[in-house]
$ cat start_8.cif   # mmCIF, C-alpha atoms
data_input
loop_
_atom_site.label_atom_id
_atom_site.label_comp_id
_atom_site.auth_asym_id
_atom_site.auth_seq_id
_atom_site.Cartn_x
_atom_site.Cartn_y
_atom_site.Cartn_z
CA MET K 1 121.28 221.03 -2.24
CA ASN K 2 123.82 220.61 0.58
CA VAL K 3 124.15 217.12 2.06
CA LEU K 4 126.09 216.25 5.22
CA PHE K 5 126.95 212.65 6.15
CA VAL K 6 127.67 211.99 9.83
CA CYS K 7 129.29 209.05 11.64
CA THR K 8 131.47 208.81 14.75
CA GLY K 9 135.07 209.55 13.85
CA ASN K 10 134.66 210.66 10.20
CA THR K 11 137.35 208.20 9.13
CA CYS K 12 135.34 205.34 7.60
CA ARG K 13 131.63 205.37 6.88
CA SER K 14 130.79 209.03 6.38
CA PRO K 15 133.80 209.87 4.16
CA MET K 16 133.05 206.85 1.96
CA ALA K 17 129.41 207.97 1.71
CA GLU K 18 130.58 211.49 0.88
CA LYS K 19 132.84 210.31 -1.93
CA ILE K 20 130.29 207.88 -3.36
CA LEU K 21 127.51 210.48 -3.47
CA GLN K 22 129.87 213.04 -5.03
CA LYS K 23 130.75 210.51 -7.74
CA LYS K 24 127.12 209.56 -8.41
CA ALA K 25 126.02 213.21 -8.48
CA LYS K 26 128.75 214.10 -10.98
CA GLU K 27 127.99 211.11 -13.21
CA ASN K 28 124.28 212.00 -13.27
CA GLN K 29 124.77 215.78 -13.45
CA ILE K 30 122.93 216.38 -10.17
CA ASP K 31 123.73 219.65 -8.40
CA LEU K 32 124.78 218.51 -4.93
CA GLN K 33 127.34 219.79 -2.47
CA VAL K 34 128.45 216.97 -0.17
CA LYS K 35 130.44 216.99 3.06
CA SER K 36 130.97 214.63 5.98
CA ALA K 37 131.78 214.95 9.67
CA GLY K 38 131.98 212.95 12.90
CA ILE K 39 130.30 213.55 16.24
CA ALA K 40 133.56 212.60 18.01
CA ALA K 41 136.11 213.27 15.30
CA PHE K 42 139.65 214.56 15.73
CA GLU K 43 140.24 217.36 13.25
CA GLY K 44 142.52 216.94 10.26
CA GLN K 45 143.05 213.16 10.25
CA PRO K 46 143.06 211.07 7.05
CA ALA K 47 140.47 208.43 6.31
CA SER K 48 141.27 204.94 7.52
CA LYS K 49 143.48 202.71 5.40
CA HIS K 50 140.64 200.46 4.28
CA ALA K 51 138.29 203.39 3.63
CA ARG K 52 140.90 204.93 1.36
CA GLN K 53 141.23 201.66 -0.51
CA VAL K 54 137.47 201.56 -1.07
CA MET K 55 137.62 205.07 -2.48
CA LYS K 56 140.33 203.96 -4.87
CA ASP K 57 138.32 200.89 -5.84
CA TYR K 58 135.47 203.21 -6.84
CA GLY K 59 137.92 205.28 -8.84
CA MET K 60 137.68 208.20 -6.45
CA ASP K 61 140.22 210.54 -4.89
CA ASP K 62 141.09 209.11 -1.46
CA ARG K 63 142.21 212.42 0.02
CA HIS K 64 140.24 213.31 3.14
CA GLN K 65 140.58 215.30 6.34
CA THR K 66 138.34 214.54 9.29
CA ARG K 67 136.19 217.23 10.83
CA ARG K 68 133.94 217.40 13.87
CA VAL K 69 130.23 218.15 13.64
CA SER K 70 129.55 221.81 14.34
CA LYS K 71 126.56 224.11 14.37
CA GLU K 72 127.96 225.85 11.30
CA LEU K 73 128.04 222.59 9.34
CA LEU K 74 124.51 221.70 10.41
CA GLU K 75 123.27 225.14 9.36
CA TRP K 76 125.01 224.70 5.99
CA ALA K 77 123.34 221.35 5.34
CA ASP K 78 119.88 221.07 3.78
CA LEU K 79 119.88 217.36 4.60
CA ILE K 80 121.80 215.52 7.33
CA LEU K 81 122.21 211.76 6.91
CA THR K 82 123.66 209.71 9.76
CA MET K 83 125.03 206.20 9.64
CA THR K 84 123.10 204.93 12.68
CA GLU K 85 120.13 205.70 14.92
CA GLY K 86 122.64 206.44 17.68
CA HIS K 87 124.28 209.20 15.64
CA LYS K 88 120.85 210.62 14.84
CA SER K 89 119.86 210.64 18.52
CA VAL K 90 123.07 212.40 19.55
CA LEU K 91 122.60 215.12 16.94
CA ILE K 92 118.97 215.72 17.87
CA ASP K 93 119.82 215.81 21.58
CA GLN K 94 122.63 218.30 21.08
CA TYR K 95 121.07 220.33 18.27
CA PRO K 96 117.27 219.99 18.51
CA GLU K 97 116.77 222.98 16.25
CA PHE K 98 117.98 220.85 13.29
CA ALA K 99 115.90 217.75 14.10
CA GLU K 100 113.59 218.13 11.10
CA LYS K 101 116.41 217.59 8.62
CA VAL K 102 118.22 214.71 10.38
CA TYR K 103 117.65 211.12 9.19
CA THR K 104 119.61 207.92 9.07
CA LEU K 105 120.72 207.15 5.51
CA LYS K 106 118.52 204.03 5.27
CA GLU K 107 115.55 205.78 6.84
CA TYR K 108 115.73 208.59 4.29
CA THR K 109 116.08 206.10 1.42
CA HIS K 110 112.90 204.37 2.54
CA ARG K 111 111.07 207.68 2.76
CA ILE K 112 111.95 208.84 -0.74
CA GLU K 113 111.06 205.42 -2.15
CA GLY K 114 107.54 205.96 -0.81
CA ASN K 115 107.93 202.96 1.48
CA ARG K 116 104.42 201.78 2.47
CA GLU K 117 105.53 200.81 5.96
CA TRP K 118 106.82 204.32 6.59
CA GLU K 119 103.55 205.81 5.34
CA LYS K 120 101.59 203.40 7.53
CA LEU K 121 103.71 204.37 10.53
CA ASN K 122 103.00 208.04 9.95
CA GLU K 123 99.28 207.28 9.65
CA ILE K 124 99.34 205.46 12.99
CA TYR K 125 101.18 208.33 14.66
CA GLN K 126 98.60 210.72 13.26
CA ARG K 127 95.75 208.60 14.63
CA ILE K 128 97.44 208.54 18.03
CA GLU K 129 97.70 212.33 18.07
CA GLU K 130 94.06 212.69 17.08
CA LYS K 131 92.91 210.26 19.78
CA LYS K 132 95.08 211.97 22.39
CA GLU K 133 93.59 215.31 21.46
CA ARG K 134 90.01 213.99 21.70
CA PHE K 135 90.77 212.20 24.96
CA LEU K 136 92.21 215.35 26.53
CA ILE K 137 89.24 217.42 25.44
CA GLN K 138 86.96 214.89 27.10
CA HIS K 139 88.93 214.28 30.30
CA GLN K 140 91.18 217.30 30.80
CA LYS K 141 89.04 218.79 33.58
CA GLU K 142 89.01 215.57 35.63
CA MET K 143 92.73 215.03 35.03
CA ASP K 144 93.51 218.56 36.19
CA GLU K 145 91.43 218.05 39.35
CA LEU K 146 93.23 214.78 40.09
CA GLU K 147 96.57 216.43 39.49
CA ASN K 148 95.67 219.20 41.95
CA ARG K 149 94.58 216.64 44.54
CA TYR K 150 97.78 214.71 43.98
CA GLN K 151 99.86 217.83 44.59
CA MET K 152 97.88 218.60 47.77
CA LEU K 153 98.33 215.03 49.05
CA GLN K 154 102.04 215.22 48.33
CA GLN K 155 102.26 218.38 50.39
CA GLU K 156 100.27 216.74 53.19
CA MET K 157 102.58 213.70 53.08
CA LYS K 158 105.60 215.96 53.42
CA GLU K 159 104.05 217.59 56.49
CA ILE K 160 103.26 214.19 58.03
CA GLU K 161 106.81 212.95 57.36
CA ALA K 162 108.20 216.08 59.01
CA LYS K 163 106.06 215.53 62.11
CA LEU K 164 107.03 211.85 62.32
CA GLN K 165 110.66 212.82 62.07
CA GLN K 166 110.20 215.26 64.95
CA TYR K 167 108.71 212.48 67.14
CA GLN K 168 111.57 210.14 66.20
CA GLN K 169 114.05 212.80 67.23
CA LEU K 170 112.23 213.31 70.54
CA LEU K 171 112.23 209.56 71.22
CA GLN K 172 115.93 209.36 70.41
CA LYS K 173 116.57 212.13 72.90
CA GLU K 174 114.50 210.32 75.57
CA ILE K 175 116.61 207.13 75.36
CA GLU K 176 119.92 208.84 74.64
CA THR K 177 121.37 208.05 78.12
CA GLU K 178 120.46 204.34 77.90
CA LEU K 179 121.93 204.02 74.41
CA LYS K 180 125.23 205.45 75.64
CA GLU K 181 125.26 202.95 78.51
CA ILE K 182 124.67 200.08 76.06
CA GLU K 183 127.51 201.32 73.86
CA GLN K 184 129.92 201.43 76.78
CA LEU K 185 128.95 197.93 77.93
CA ARG K 186 129.40 196.50 74.43
CA LYS K 187 132.89 197.98 74.23
CA SER K 188 133.85 196.21 77.45
CA MET K 189 132.44 192.85 76.31
CA PRO K 190 134.49 190.37 74.26
CA SER K 191 133.73 189.89 70.56
CA TYR K 192 131.75 186.75 69.75
CA ASP K 193 132.68 186.68 66.08
CA ILE K 194 134.99 184.17 64.42
CA ASP K 195 136.64 185.86 61.46
CA ASP K 196 136.03 184.47 57.97
CA PRO K 197 139.30 183.10 56.53
CA PHE K 198 138.06 183.26 52.92
CA GLY K 199 140.71 184.67 50.62
CA GLY K 200 143.46 184.30 53.19
CA ASP K 201 146.53 182.09 53.15
CA LEU K 202 147.09 178.84 55.06
CA ASP K 203 148.18 180.64 58.20
CA ILE K 204 144.91 182.55 58.31
CA TYR K 205 142.92 179.31 58.06
CA ARG K 206 145.03 177.77 60.84
CA LYS K 207 144.41 180.76 63.04
CA THR K 208 140.63 180.49 62.51
CA ALA K 209 140.67 176.77 63.28
CA LYS K 210 142.56 177.47 66.49
CA GLU K 211 139.99 180.09 67.44
CA ILE K 212 137.16 177.60 66.88
CA GLU K 213 139.03 174.91 68.82
CA GLU K 214 139.49 177.20 71.82
CA ALA K 215 135.79 178.00 71.93
CA ILE K 216 134.85 174.33 71.68
CA ASP K 217 137.31 173.41 74.42
CA LYS K 218 135.67 175.86 76.79
CA TRP K 219 132.27 174.38 76.06
CA VAL K 220 133.56 170.82 76.52
CA GLN K 221 135.18 171.74 79.83
CA PHE K 222 131.88 173.20 80.97
CA LEU K 223 130.05 169.99 80.05
CA ILE K 224 132.62 167.86 81.89
CA ALA K 225 132.37 170.01 85.01
CA LYS K 226 128.60 169.87 84.87
CA SER K 227 128.66 166.08 84.60
CA ILE K 228 131.03 165.75 87.59
CA ASN K 229 128.88 168.02 89.70
CA LYS K 230 125.81 165.99 88.84
CA GLU K 231 127.52 162.74 89.87
CA GLY K 232 128.54 164.24 93.21
CA GLU K 233 125.02 165.24 94.15
#
$ encode --input "start_8.cif" --output "structure tokens"
Amino acid sequence: MNVLFVCTGNTCRSPMAEKILQKKAKENQIDLQVKSAGIAAFEGQPASKHARQVMKDYGMDDRHQTRRVSKELLEWADLILTMTEGHKSVLIDQYPEFAEKVYTLKEYTHRIEGNREWEKLNEIYQRIEEKKERFLIQHQKEMDELENRYQMLQQEMKEIEAKLQQYQQLLQKEIETELKEIEQLRKSMPSYDIDDPFGGDLDIYRKTAKEIEEAIDKWVQFLIAKSINKEGE
């Protein structure tokens, strides 16, 4: 049996798993061929310093050269064991043809132990599939009719949107002259905004305060003139 361990860079987890399984297989006279690879590995690198130390602690050869996951490796493997769900997802997304032999290491361990939760999960999935099949047999005709109506309504909505857009374009053309006149008038009018000084230096804040003061002064002068005129009446 050919076993492939997969992690990210093939410098830590998967090479340690490779060495450990090789050691266990040899000690128990199990015929296994074991390799490891990484989904984002740089070819030909050694294992990490601490991974090599672990290998030595187990009494194993710490020599290792990283390799990237390839279609050839996945074809070679009878069983592919990843370190995480993320690694599993990436492999299945990129190589869906090998999905049936890809598991996380812990997931596969649970399966071969006859884990009751795993069996229960499979039973539930099976019930779901059976119910879906019965439901579709019962309601497929109505669902197909609704789907056809939905498609027709979508097409009708597109036609309505196109007509509305045509009317909007016609209206825009009708008022085009007036809009240009408004634009010209706005350009000739003074700006009524007072700039926000936020984020500026002290000079910017002083400039804004001066701008506010000038506007207030004009208003005050208007009020004074109005009061004088009222007294003179």
$ atom_distance --input "start_8.cif" --atom1 "CA of Cys7 in chain K" --atom2 "CA of Lys120 in chain K"
28.6 Å
$ resolve_selection --input "start_8.cif" --expression "the PyMOL selection byres ((chain K and resi 48) around 12)" --output "VMD selection string"
chain K and resid 9 to 16 45 to 47 49 to 55 62 to 66
$ write_last_selection --input "start_8.cif" --atoms "C-alpha atoms" --output "PDB file, in the coordinates of the input"
ATOM      1  CA  GLY K   9     135.070 209.550  13.850  1.00  0.00           C
ATOM      2  CA  ASN K  10     134.660 210.660  10.200  1.00  0.00           C
ATOM      3  CA  THR K  11     137.350 208.200   9.130  1.00  0.00           C
ATOM      4  CA  CYS K  12     135.340 205.340   7.600  1.00  0.00           C
ATOM      5  CA  ARG K  13     131.630 205.370   6.880  1.00  0.00           C
ATOM      6  CA  SER K  14     130.790 209.030   6.380  1.00  0.00           C
ATOM      7  CA  PRO K  15     133.800 209.870   4.160  1.00  0.00           C
ATOM      8  CA  MET K  16     133.050 206.850   1.960  1.00  0.00           C
ATOM      9  CA  GLN K  45     143.050 213.160  10.250  1.00  0.00           C
ATOM     10  CA  PRO K  46     143.060 211.070   7.050  1.00  0.00           C
ATOM     11  CA  ALA K  47     140.470 208.430   6.310  1.00  0.00           C
ATOM     12  CA  LYS K  49     143.480 202.710   5.400  1.00  0.00           C
ATOM     13  CA  HIS K  50     140.640 200.460   4.280  1.00  0.00           C
ATOM     14  CA  ALA K  51     138.290 203.390   3.630  1.00  0.00           C
ATOM     15  CA  ARG K  52     140.900 204.930   1.360  1.00  0.00           C
ATOM     16  CA  GLN K  53     141.230 201.660  -0.510  1.00  0.00           C
ATOM     17  CA  VAL K  54     137.470 201.560  -1.070  1.00  0.00           C
ATOM     18  CA  MET K  55     137.620 205.070  -2.480  1.00  0.00           C
ATOM     19  CA  ASP K  62     141.090 209.110  -1.460  1.00  0.00           C
ATOM     20  CA  ARG K  63     142.210 212.420   0.020  1.00  0.00           C
ATOM     21  CA  HIS K  64     140.240 213.310   3.140  1.00  0.00           C
ATOM     22  CA  GLN K  65     140.580 215.300   6.340  1.00  0.00           C
ATOM     23  CA  THR K  66     138.340 214.540   9.290  1.00  0.00           C
TER      24      THR K  66
END
$ atom_distance --input "start_8.cif" --atom1 "CA of Asp203 in chain K" --atom2 "CA of Ile216 in chain K"
20.0 Å
$ resolve_selection --input "start_8.cif" --expression "the PyMOL selection byres ((chain K and resi 78-84) around 6)" --output "count of residues only"
16
$ atom_distance --input "start_8.cif" --atom1 "CA of Leu73 in chain K" --atom2 "CA of Glu27 in chain K"
25.3 Å
$ residues_around --input "start_8.cif" --residues "range 209-212 of chain K" --least-positions-apart "2" --cutoff "12 Å" --atoms "all atoms listed in the file" --output "PyMOL selection string"
chain K and resi 192-197+202-207+214-219
$ residues_around --input "start_8.cif" --residues "Ser70 in chain K" --least-positions-apart "6" --cutoff "12 Å" --atoms "all atoms listed in the file" --output "PyMOL selection string"
chain K and resi 4+6+36-41+43+76-77+91+94-95+98
$ decode --input "start_8.cif" --residues "range 47-65 of chain K" --atoms "N, CA and C atoms" --output "short mmCIF file (atom, residue, chain, number, x, y, z; two decimals), in the first residue's frame"
data_model
loop_
_atom_site.label_atom_id
_atom_site.label_comp_id
_atom_site.auth_asym_id
_atom_site.auth_seq_id
_atom_site.Cartn_x
_atom_site.Cartn_y
_atom_site.Cartn_z
N ALA K 47 14.03 19.33 6.09
CA ALA K 47 13.00 19.52 7.09
C ALA K 47 13.45 20.62 8.05
N SER K 48 12.51 21.18 8.76
CA SER K 48 12.84 22.24 9.71
C SER K 48 13.72 21.69 10.83
N LYS K 49 14.42 22.59 11.49
CA LYS K 49 15.36 22.21 12.54
C LYS K 49 14.68 21.37 13.62
N HIS K 50 13.52 21.83 14.08
CA HIS K 50 12.84 21.11 15.16
C HIS K 50 12.24 19.80 14.67
N ALA K 51 11.80 19.75 13.41
CA ALA K 51 11.28 18.48 12.87
C ALA K 51 12.40 17.44 12.80
N ARG K 52 13.58 17.90 12.40
CA ARG K 52 14.72 16.97 12.34
C ARG K 52 15.08 16.45 13.73
N GLN K 53 14.95 17.30 14.72
CA GLN K 53 15.27 16.87 16.08
C GLN K 53 14.27 15.82 16.55
N VAL K 54 13.00 16.00 16.19
CA VAL K 54 11.98 15.01 16.55
C VAL K 54 12.32 13.67 15.91
N MET K 55 12.71 13.72 14.65
CA MET K 55 13.09 12.48 13.96
C MET K 55 14.22 11.77 14.70
N LYS K 56 15.19 12.55 15.12
CA LYS K 56 16.31 11.97 15.88
C LYS K 56 15.84 11.40 17.20
N ASP K 57 14.92 12.12 17.86
CA ASP K 57 14.39 11.64 19.14
C ASP K 57 13.72 10.29 18.99
N TYR K 58 13.08 10.06 17.84
CA TYR K 58 12.43 8.78 17.56
C TYR K 58 13.42 7.74 17.06
N GLY K 59 14.68 8.14 16.95
CA GLY K 59 15.68 7.22 16.45
C GLY K 59 15.62 7.03 14.95
N MET K 60 15.16 8.05 14.25
CA MET K 60 14.98 7.94 12.80
C MET K 60 15.99 8.81 12.06
N ASP K 61 16.22 8.46 10.83
CA ASP K 61 17.07 9.25 9.94
C ASP K 61 16.38 10.59 9.68
N ASP K 62 17.08 11.70 9.90
CA ASP K 62 16.45 13.01 9.74
C ASP K 62 16.67 13.61 8.35
N ARG K 63 17.23 12.83 7.44
CA ARG K 63 17.40 13.34 6.08
C ARG K 63 16.05 13.44 5.37
N HIS K 64 15.85 14.57 4.69
CA HIS K 64 14.56 14.82 4.03
C HIS K 64 14.73 15.92 3.00
N GLN K 65 14.05 15.77 1.88
CA GLN K 65 13.99 16.81 0.86
C GLN K 65 12.53 17.08 0.51
#
